[in-house]
Amino acid sequence: MKGSFPIESFRQLETPFYYYDTAVLRKTLAAIANQTRCNGNYRVHYAIKANANSKLLRIISSYGLGADCVSGGEIQAALEAGFPPESIVFAGVGKTDKEILLGLRNNIGCFNVESIPELEVIDQLAARLSTTARVAFRINPNVGAHTHANITTGLAENKFGIAMEDLDWVVALAEGLSHVRFVGLHFHIGSQILDMSDFVSLCNRINDLQGHLANRKTIVESINVGGGLGVEYRHPNRKPIPDLDNYFNVFHNHLKLQPHQTLHFELGRAVVAQCGSLVSRVTFVKQGSFKQFAILDAGFSDLIRPAFYQAYHKIENISSDEEKQTYDVVGPICESSDVFQKATELNKTHRGDFLVIRSAGAYGETMASCYNCRSLPMSHLSDEFHF
């Protein structure tokens with residue numbers, strides 16, 4: 001074993017595969033659970049889109065987290081993993097009738113509504129089932145986040161949510177419908193946020209909206225601030241647990257909650273990113289005219305973030321202790337964008353070496369595809385190995 005990776009056990013496995021260190025996951029979950037114990041009105045929902053691995057979901061649900069879902073399939077996965085229906089919130093701009101009915105039949109905790117047409121359809125479908133749907137409105141706070149443009153979601157021009165200027169109208173509409181009950185406000189400004197001032201700005205905007213609603217005597221039972229907390233991709237060993245204390249303290253110190261209100265969070269990446277690695281073998285080392293390539297048996301069909309977002313993941317050769325050399329680490333996909341990292345320093349690399357791509361627990365396995373008719377990667381938990 002090198003570091004925390006059981007190399008001898010890896011030799012018996014077909015690569016590429018995802019490896020999850022459950023000790024890291026459990027420490028992260030324990031830190032989150034501590035926050036909810038210290039703040040009795042806090043509720044944390046795990047964002048299943050980050051990683052829907054059923055084994056991980058069962059561990060996460062055992063720590064008392066709820067589930068944040070963006071599809072009917074995720075609702076079903078949450079239920080099968082043991083998340084209580086009342087702890088499930090359902091977001092997304094394009095909920096289908098089938099998905100809404102699944103949520104209604106299971107009496108989920110809340111629908112995070114993103115448009116007027118969606119609200120009206122939920123009311124109609126709830127009437128069909130003679131039930132009442134609890135709804136929160138996802139409001140675009142027009143707060144920018146210091147993150148990648150593709151994962152910024154809180155600006156006025158994003159496709160998500162309802163404009164702030166429409167809030168009064170939407171609340172009044174909901175109050176006039178017979179089969180929905182307005183319970184809260186929902187926000188989400190983006191993902192992989194490390195600058196806590198972004199969350200302070202969100203708190204200030206929510207405080208303003210809360211004051212406005214209080215003046216019109218509108219009761220808001222819950223505030224949902226979404227997720228977005230980032231992780232340390234460049235130095236995962238130094239910071240395997242995200243800055244949860246600072247994150248929760250921002251809301252404790254800056255958000256003016258009413259005594260009757262609950263505060264909801266939807267953390268995904270921060271829960272699972274650091275526990276997961278993509279493990280791959282080197283198929284060939286190719287010497288070019290000016291550079292050398294480490295060609296892996298993993299490609300962007302297994303981990304698409306570097307190609308999709310130009311995302312950085314630390315790569316380690318866990319088979320070699322030789323001197324460092326410079327490589328472009330690439331995959332076998334028949335696309336020029338199938339590159340994990342250019343000009344990266346690795347211990348001298350040979351055919352058959354194990355390379356691990358770190359911090360891949362979020363948006364790795366769940367975004368994998370069968371492009372080029374490749375098989376989906378398998379997954380293995382550290383619990384399965386004897387160290």
# chains A, B, ... in the order shown; residues from 1 in each chain; ligands from 1
call {"tool": "residues_around", "arguments": {"residues": "segment 291-293 of chain A", "least_positions_apart": "6", "cutoff": "7 Å", "atoms": "only C-alpha atoms", "output": "list in words"}}
result
Val285, Tyr327, Asp328, Val329 and Val330 of chain A
call {"tool": "write_last_selection", "arguments": {"atoms": "N, CA, C and O atoms", "output": "short mmCIF file (atom, residue, chain, number, x, y, z; two decimals), in the first residue's frame"}}
result
data_model
loop_
_atom_site.label_atom_id
_atom_site.label_comp_id
_atom_site.auth_asym_id
_atom_site.auth_seq_id
_atom_site.Cartn_x
_atom_site.Cartn_y
_atom_site.Cartn_z
N VAL A 285 3.38 4.67 -22.29
CA VAL A 285 4.09 5.94 -22.15
C VAL A 285 4.67 6.26 -23.52
O VAL A 285 5.48 5.51 -24.06
N TYR A 327 4.69 15.00 -17.73
CA TYR A 327 3.83 14.24 -18.65
C TYR A 327 2.56 15.03 -18.96
O TYR A 327 2.07 15.79 -18.12
N ASP A 328 2.03 14.78 -20.15
CA ASP A 328 0.62 15.06 -20.42
C ASP A 328 -0.13 13.76 -20.13
O ASP A 328 0.18 12.72 -20.72
N VAL A 329 -1.09 13.83 -19.20
CA VAL A 329 -1.85 12.64 -18.83
C VAL A 329 -3.14 12.65 -19.63
O VAL A 329 -3.98 13.57 -19.49
N VAL A 330 -3.30 11.64 -20.48
CA VAL A 330 -4.42 11.62 -21.43
C VAL A 330 -5.11 10.27 -21.38
O VAL A 330 -4.59 9.29 -20.85
#
call {"tool": "select_by_dssp", "arguments": {"residues": "segment 182-251 of chain A", "states": "strand (DSSP E)", "output": "PyMOL selection string"}}
result
chain A and resi 182-186+222-224
call {"tool": "select_by_dssp", "arguments": {"residues": "segment 174-270 of chain A", "states": "helix (DSSP H, G or I)", "output": "number ranges by chain"}}
result
A: 174-175, 197-215, 244-254, 269-270
call {"tool": "closest_residue", "arguments": {"among": "A:Val250, A:Val282, A:Ala273, A:Ile75", "to": "Tyr20 of chain A", "atoms": "only C-alpha atoms"}}
result
A:Ala273
call {"tool": "closest_residue", "arguments": {"among": "A:Ser289, A:Asn372, A:Ser320, A:Ser130", "to": "Leu101 of chain A", "atoms": "only C-alpha atoms"}}
result
A:Ser130
call {"tool": "residues_around", "arguments": {"residues": "Tyr247 of chain A", "least_positions_apart": "5", "cutoff": "9 Å", "atoms": "only C-alpha atoms", "output": "list in words"}}
result
Met196, Phe199, Leu229 and Pro242 of chain A
call {"tool": "write_last_selection", "arguments": {"atoms": "all heavy atoms", "output": "short mmCIF file (atom, residue, chain, number, x, y, z; two decimals), in the first residue's frame"}}
result
data_model
loop_
_atom_site.label_atom_id
_atom_site.label_comp_id
_atom_site.auth_asym_id
_atom_site.auth_seq_id
_atom_site.Cartn_x
_atom_site.Cartn_y
_atom_site.Cartn_z
N MET A 196 -15.93 33.06 1.07
CA MET A 196 -17.09 33.12 1.96
C MET A 196 -17.86 34.43 1.83
O MET A 196 -19.01 34.52 2.26
CB MET A 196 -16.65 32.91 3.41
CG MET A 196 -16.09 31.53 3.67
SD MET A 196 -17.30 30.22 3.42
CE MET A 196 -16.23 28.88 2.86
N PHE A 199 -21.24 34.02 0.23
CA PHE A 199 -22.33 33.59 1.09
C PHE A 199 -22.81 34.73 1.99
O PHE A 199 -24.00 34.80 2.33
CB PHE A 199 -21.91 32.38 1.91
CG PHE A 199 -21.60 31.16 1.08
CD1 PHE A 199 -20.34 30.60 1.10
CD2 PHE A 199 -22.57 30.59 0.27
CE1 PHE A 199 -20.04 29.48 0.34
CE2 PHE A 199 -22.29 29.48 -0.49
CZ PHE A 199 -21.01 28.91 -0.47
N LEU A 229 -20.52 24.98 -1.31
CA LEU A 229 -19.21 25.03 -0.65
C LEU A 229 -18.19 24.21 -1.43
O LEU A 229 -18.42 23.05 -1.76
CB LEU A 229 -19.33 24.49 0.78
CG LEU A 229 -18.03 24.40 1.57
CD1 LEU A 229 -17.42 25.78 1.78
CD2 LEU A 229 -18.27 23.72 2.92
N PRO A 242 -13.72 19.74 4.06
CA PRO A 242 -13.93 21.15 3.67
C PRO A 242 -14.06 22.07 4.88
O PRO A 242 -14.22 21.61 6.02
CB PRO A 242 -15.23 21.09 2.86
CG PRO A 242 -15.39 19.67 2.47
CD PRO A 242 -14.76 18.85 3.55
#
call {"tool": "residues_around", "arguments": {"residues": "Glu266 of chain A", "least_positions_apart": "4", "cutoff": "12 Å", "atoms": "only C-alpha atoms", "output": "ChimeraX atom specification"}}
result
/A:32,42-50,65-70,87-91,112,186-191,223-229,270-271
call {"tool": "write_last_selection", "arguments": {"atoms": "C-alpha atoms", "output": "mmCIF file, in the first residue's frame"}}
result
data_model
loop_
_atom_site.group_PDB
_atom_site.id
_atom_site.type_symbol
_atom_site.label_atom_id
_atom_site.label_comp_id
_atom_site.auth_asym_id
_atom_site.auth_seq_id
_atom_site.Cartn_x
_atom_site.Cartn_y
_atom_site.Cartn_z
ATOM 1 C CA ILE A 32 -21.781 18.072 9.384
ATOM 2 C CA TYR A 42 -30.356 23.519 10.773
ATOM 3 C CA ARG A 43 -31.272 20.804 8.255
ATOM 4 C CA VAL A 44 -28.695 19.445 5.782
ATOM 5 C CA HIS A 45 -29.796 17.682 2.600
ATOM 6 C CA TYR A 46 -27.224 15.771 0.551
ATOM 7 C CA ALA A 47 -27.305 16.795 -3.136
ATOM 8 C CA ILE A 48 -27.556 13.411 -4.824
ATOM 9 C CA LYS A 49 -26.477 14.766 -8.210
ATOM 10 C CA ALA A 50 -22.915 14.923 -6.822
ATOM 11 C CA LEU A 65 -28.978 13.942 6.349
ATOM 12 C CA GLY A 66 -31.915 14.564 4.069
ATOM 13 C CA ALA A 67 -31.732 14.395 0.274
ATOM 14 C CA ASP A 68 -31.724 17.117 -2.371
ATOM 15 C CA CYS A 69 -32.976 15.664 -5.653
ATOM 16 C CA VAL A 70 -33.198 17.045 -9.184
ATOM 17 C CA SER A 87 -36.425 14.921 4.347
ATOM 18 C CA ILE A 88 -36.441 14.963 0.531
ATOM 19 C CA VAL A 89 -36.544 18.235 -1.398
ATOM 20 C CA PHE A 90 -37.070 18.221 -5.156
ATOM 21 C CA ALA A 91 -35.546 20.953 -7.325
ATOM 22 C CA ASN A 112 -38.446 23.803 -4.833
ATOM 23 C CA HIS A 186 -34.903 28.574 -1.784
ATOM 24 C CA PHE A 187 -31.635 29.980 -3.112
ATOM 25 C CA HIS A 188 -28.538 28.577 -4.793
ATOM 26 C CA ILE A 189 -25.835 30.857 -6.180
ATOM 27 C CA GLY A 190 -23.346 28.362 -7.610
ATOM 28 C CA SER A 191 -20.865 25.600 -6.914
ATOM 29 C CA ILE A 223 -35.068 29.295 4.287
ATOM 30 C CA ASN A 224 -33.008 27.078 1.985
ATOM 31 C CA VAL A 225 -29.586 28.501 1.067
ATOM 32 C CA GLY A 226 -28.606 25.684 -1.290
ATOM 33 C CA GLY A 227 -25.066 24.400 -1.264
ATOM 34 C CA GLY A 228 -22.001 25.483 -3.196
ATOM 35 C CA LEU A 229 -19.210 25.026 -0.649
ATOM 36 C CA ALA A 270 -18.388 19.162 0.003
ATOM 37 C CA VAL A 271 -19.709 15.822 1.281
#
call {"tool": "atom_distance", "arguments": {"atom1": "atom CA of Gln287 of chain A", "atom2": "atom CA of Pro16 of chain A"}}
result
23.0 Å
call {"tool": "atom_distance", "arguments": {"atom1": "atom CA of Ser382 of chain A", "atom2": "atom CA of Phe354 of chain A"}}
result
16.6 Å
call {"tool": "residues_around", "arguments": {"residues": "segment 115-123 of chain A", "least_positions_apart": "4", "cutoff": "7 Å", "atoms": "only C-alpha atoms", "output": "list in words"}}
result
Ile100, Ala127, Gly161, Ile162, Leu177, His179 and Val180 of chain A
call {"tool": "closest_residue", "arguments": {"among": "A:Leu13, A:Val200, A:Ala311, A:Leu29", "to": "His252 of chain A", "atoms": "only C-alpha atoms"}}
result
A:Val200
call {"tool": "residues_around", "arguments": {"residues": "Thr22 of chain A", "least_positions_apart": "6", "cutoff": "8 Å", "atoms": "only C-alpha atoms", "output": "number ranges by chain"}}
result
A: 275, 381-383
call {"tool": "write_last_selection", "arguments": {"atoms": "N, CA and C atoms", "output": "CSV table (one decimal), in the first residue's frame"}}
result
chain,number,residue,atom,x,y,z
A,275,CYS,N,-13.5,12.0,-0.7
A,275,CYS,CA,-13.4,10.6,-0.4
A,275,CYS,C,-13.2,9.8,-1.6
A,381,LEU,N,-15.3,0.4,-2.3
A,381,LEU,CA,-15.2,1.1,-1.0
A,381,LEU,C,-14.0,0.6,-0.2
A,382,SER,N,-13.3,1.5,0.5
A,382,SER,CA,-12.2,1.0,1.3
A,382,SER,C,-12.6,0.0,2.3
A,383,ASP,N,-13.9,-0.1,2.7
A,383,ASP,CA,-14.4,-1.1,3.6
A,383,ASP,C,-14.2,-2.5,3.1
call {"tool": "residues_around", "arguments": {"residues": "Tyr363 of chain A", "least_positions_apart": "2", "cutoff": "7 Å", "atoms": "only C-alpha atoms", "output": "PyMOL selection string"}}
result
chain A and resi 50-51+361+365-367
call {"tool": "closest_residue", "arguments": {"among": "A:Arg358, A:Arg238, A:Arg37, A:Arg26", "to": "Ile60 of chain A", "atoms": "only C-alpha atoms"}}
result
A:Arg26
